[in-house]
$ cat my_file-v5.csv   # CSV, C-alpha atoms
chain,number,residue,atom,x,y,z
Q,1,MET,CA,111.0,116.6,99.8
Q,2,ILE,CA,110.2,115.1,103.2
Q,3,THR,CA,106.8,114.1,102.0
Q,4,PHE,CA,108.3,112.4,99.0
Q,5,LEU,CA,110.7,110.4,101.2
Q,6,LYS,CA,108.0,109.4,103.6
Q,7,VAL,CA,105.8,108.2,100.7
Q,8,GLN,CA,108.7,106.2,99.4
Q,9,ALA,CA,109.3,104.7,102.9
Q,10,ALA,CA,105.5,103.9,103.2
Q,11,SER,CA,105.7,102.4,99.7
Q,12,ILE,CA,108.7,100.2,100.6
Q,13,ILE,CA,107.0,98.9,103.7
Q,14,GLY,CA,103.8,98.3,101.7
Q,15,SER,CA,105.8,96.6,99.0
Q,16,LEU,CA,107.6,94.4,101.5
Q,17,THR,CA,104.2,93.4,102.9
Q,18,TYR,CA,102.9,92.8,99.4
Q,19,PHE,CA,106.0,90.6,98.6
Q,20,LEU,CA,105.5,88.7,101.8
Q,21,GLY,CA,101.8,88.1,101.2
Q,22,THR,CA,102.4,87.1,97.5
Q,23,PHE,CA,105.4,84.8,98.1
Q,24,LEU,CA,103.8,83.1,101.2
Q,25,SER,CA,100.5,82.6,99.2
Q,26,VAL,CA,102.4,81.0,96.3
Q,27,GLY,CA,105.3,79.3,98.1
Q,28,ILE,CA,103.6,77.9,101.2
Q,29,PHE,CA,99.9,77.7,100.2
Q,30,HIS,CA,100.6,76.9,96.6
Q,31,SER,CA,98.2,79.5,95.2
Q,32,PRO,CA,98.4,80.3,91.5
Q,33,HIS,CA,100.5,83.4,90.8
Q,34,GLY,CA,97.5,85.5,90.0
Q,35,VAL,CA,95.9,84.7,93.4
Q,36,GLY,CA,99.1,85.3,95.2
Q,37,VAL,CA,99.4,88.7,93.6
Q,38,LEU,CA,95.8,89.5,94.6
Q,39,ILE,CA,96.4,88.5,98.2
Q,40,GLY,CA,99.7,90.4,98.4
Q,41,ASN,CA,98.1,93.5,97.0
Q,42,ILE,CA,95.3,93.4,99.6
Q,43,VAL,CA,97.7,93.1,102.5
Q,44,GLY,CA,100.2,95.7,101.0
Q,45,GLY,CA,97.3,98.1,100.2
Q,46,ILE,CA,95.9,98.1,103.7
Q,47,THR,CA,99.4,98.6,105.1
Q,48,GLN,CA,100.2,101.5,102.8
Q,49,PHE,CA,96.8,103.2,103.3
Q,50,VAL,CA,97.3,103.2,107.1
Q,51,LEU,CA,100.8,104.6,106.8
Q,52,CYS,CA,99.9,107.3,104.2
Q,53,ARG,CA,96.9,108.4,106.1
Q,54,ASN,CA,98.4,108.6,109.6
Q,55,TRP,CA,102.1,109.2,109.0
Q,56,VAL,CA,102.8,110.6,105.5
Q,57,PHE,CA,99.9,113.0,104.8
Q,58,LYS,CA,98.4,113.1,108.3
Q,59,THR,CA,94.9,113.3,106.8
Q,60,THR,CA,92.9,112.5,109.9
Q,61,ASP,CA,90.3,115.1,109.0
Q,62,GLY,CA,87.3,112.8,109.3
Q,63,LYS,CA,87.1,112.1,105.6
Q,64,ILE,CA,88.2,108.5,106.0
Q,65,PHE,CA,85.3,107.0,104.0
Q,66,GLN,CA,86.0,109.3,101.0
Q,67,ARG,CA,89.7,108.5,101.2
Q,68,ILE,CA,89.1,104.8,101.4
Q,69,VAL,CA,86.9,104.9,98.3
Q,70,LYS,CA,89.5,106.9,96.4
Q,71,PHE,CA,92.3,104.6,97.7
Q,72,ILE,CA,90.3,101.5,96.6
Q,73,LEU,CA,89.8,103.0,93.1
Q,74,VAL,CA,93.6,103.6,92.8
Q,75,TRP,CA,94.3,100.2,94.3
Q,76,ILE,CA,92.0,98.5,91.7
Q,77,GLY,CA,94.0,100.3,89.0
Q,78,ASN,CA,97.3,99.2,90.7
Q,79,LEU,CA,96.0,95.6,90.9
Q,80,VAL,CA,95.1,95.5,87.2
Q,81,LEU,CA,98.5,97.0,86.3
Q,82,SER,CA,100.3,94.6,88.7
Q,83,GLU,CA,98.5,91.6,87.2
Q,84,LEU,CA,99.4,92.8,83.7
Q,85,GLY,CA,103.0,93.6,84.5
Q,86,VAL,CA,103.7,90.3,86.3
Q,87,TYR,CA,102.0,88.4,83.5
Q,88,PHE,CA,103.9,90.3,80.9
Q,89,PHE,CA,107.3,90.0,82.5
Q,90,THR,CA,106.7,86.3,83.5
Q,91,HIS,CA,105.6,85.2,80.1
Q,92,TYR,CA,107.5,87.4,77.7
Q,93,THR,CA,110.9,87.9,79.3
Q,94,ASN,CA,113.6,85.5,80.4
Q,95,PHE,CA,115.6,87.2,83.1
Q,96,THR,CA,116.8,83.8,84.1
Q,97,GLN,CA,116.2,80.2,83.1
Q,98,ASP,CA,114.7,79.4,86.5
Q,99,THR,CA,110.9,79.9,86.1
Q,100,GLU,CA,110.4,80.6,89.8
Q,101,MET,CA,113.1,83.2,90.0
Q,102,ASN,CA,111.8,84.8,86.8
Q,103,TYR,CA,108.4,85.2,88.4
Q,104,LYS,CA,110.0,86.8,91.6
Q,105,ILE,CA,112.0,89.2,89.5
Q,106,SER,CA,108.8,90.1,87.6
Q,107,VAL,CA,106.9,90.8,90.8
Q,108,VAL,CA,109.7,93.1,92.1
Q,109,LEU,CA,110.2,94.9,88.8
Q,110,THR,CA,106.5,95.5,88.4
Q,111,SER,CA,106.1,96.8,91.9
Q,112,VAL,CA,109.1,99.2,91.6
Q,113,LEU,CA,107.8,100.6,88.3
Q,114,LEU,CA,104.3,101.1,89.6
Q,115,GLY,CA,105.4,102.5,93.0
Q,116,ALA,CA,107.7,105.2,91.4
Q,117,SER,CA,105.0,106.3,89.0
Q,118,TYR,CA,101.3,105.5,89.2
Q,119,ASN,CA,101.0,105.0,93.0
Q,120,TYR,CA,102.9,108.0,94.1
Q,121,LEU,CA,101.1,110.4,91.8
Q,122,MET,CA,97.7,109.0,92.4
Q,123,GLN,CA,98.1,109.1,96.2
Q,124,LYS,CA,99.5,112.6,96.3
Q,125,LYS,CA,97.2,114.2,93.8
Q,126,PHE,CA,94.0,112.2,94.2
Q,127,VAL,CA,93.6,110.2,97.4
Q,128,PHE,CA,95.3,112.3,100.1
Q,129,SER,CA,95.0,115.8,98.5
$ encode --input "my_file-v5.csv" --output "structure tokens"
Amino acid sequence: MITFLKVQAASIIGSLTYFLGTFLSVGIFHSPHGVGVLIGNIVGGITQFVLCRNWVFKTTDGKIFQRIVKFILVWIGNLVLSELGVYFFTHYTNFTQDTEMNYKISVVLTSVLLGASYNYLMQKKFVFS
């Protein structure tokens, strides 16, 4: 149970970093949404890897290269699912009439859905096992 809570905390911190990177890229640097999602995923992924490796699973066993490779594979899957999720929710739902707010809701909803399912299971059973 403690591990689950730690993973969720690391996920929240990684997600906040992802949101910050995404929203800054789009809002300040005027990147397209897809580029913003990519930048946010890179920053959030690095943050979450470091937290999971050193704090959650404490896997400082010298297998960092193998874990990075596994994490990157899972991250690529997450990136593809994030892009698809944000695209789907942004283009095929109308949470609100405000296009920018609809996009932000799409990013948050996609992140929560992936964090609670795909990311947790893949990290626990594949990357840090």
$ closest_residue --input "my_file-v5.csv" --among "Q:Cys52, Q:Ser11, Q:Phe29, Q:Ile68" --to "Tyr118 of chain Q" --atoms "all atoms listed in the file"
Q:Ser11
$ closest_residue --input "my_file-v5.csv" --among "Q:Ser106, Q:Gln66, Q:Thr60, Q:Asn41" --to "Val80 of chain Q" --atoms "all atoms listed in the file"
Q:Asn41
$ atom_distance --input "my_file-v5.csv" --atom1 "atom CA of Leu121 of chain Q" --atom2 "atom CA of Gly14 of chain Q"
15.9 Å
$ atom_distance --input "my_file-v5.csv" --atom1 "atom CA of Ile12 of chain Q" --atom2 "atom CA of Gln48 of chain Q"
8.9 Å
$ closest_residue --input "my_file-v5.csv" --among "Q:Gly62, Q:Ile28, Q:Leu73, Q:Phe88" --to "Asn102 of chain Q" --atoms "all atoms listed in the file"
Q:Phe88
$ atom_distance --input "my_file-v5.csv" --atom1 "atom CA of Ser15 of chain Q" --atom2 "atom CA of Leu84 of chain Q"
17.0 Å
$ residues_around --input "my_file-v5.csv" --residues "Gly36 of chain Q" --least-positions-apart "4" --cutoff "8 Å" --atoms "only C-alpha atoms" --output "PyMOL selection string"
chain Q and resi 21-26+31-32+40
$ residues_around --input "my_file-v5.csv" --residues "Tyr18 of chain Q" --least-positions-apart "5" --cutoff "8 Å" --atoms "all atoms listed in the file" --output "PyMOL selection string"
chain Q and resi 37+39-45
$ closest_residue --input "my_file-v5.csv" --among "Q:Val56, Q:Met101, Q:Gly27, Q:Thr110" --to "Ala10 of chain Q" --atoms "all atoms listed in the file"
Q:Val56
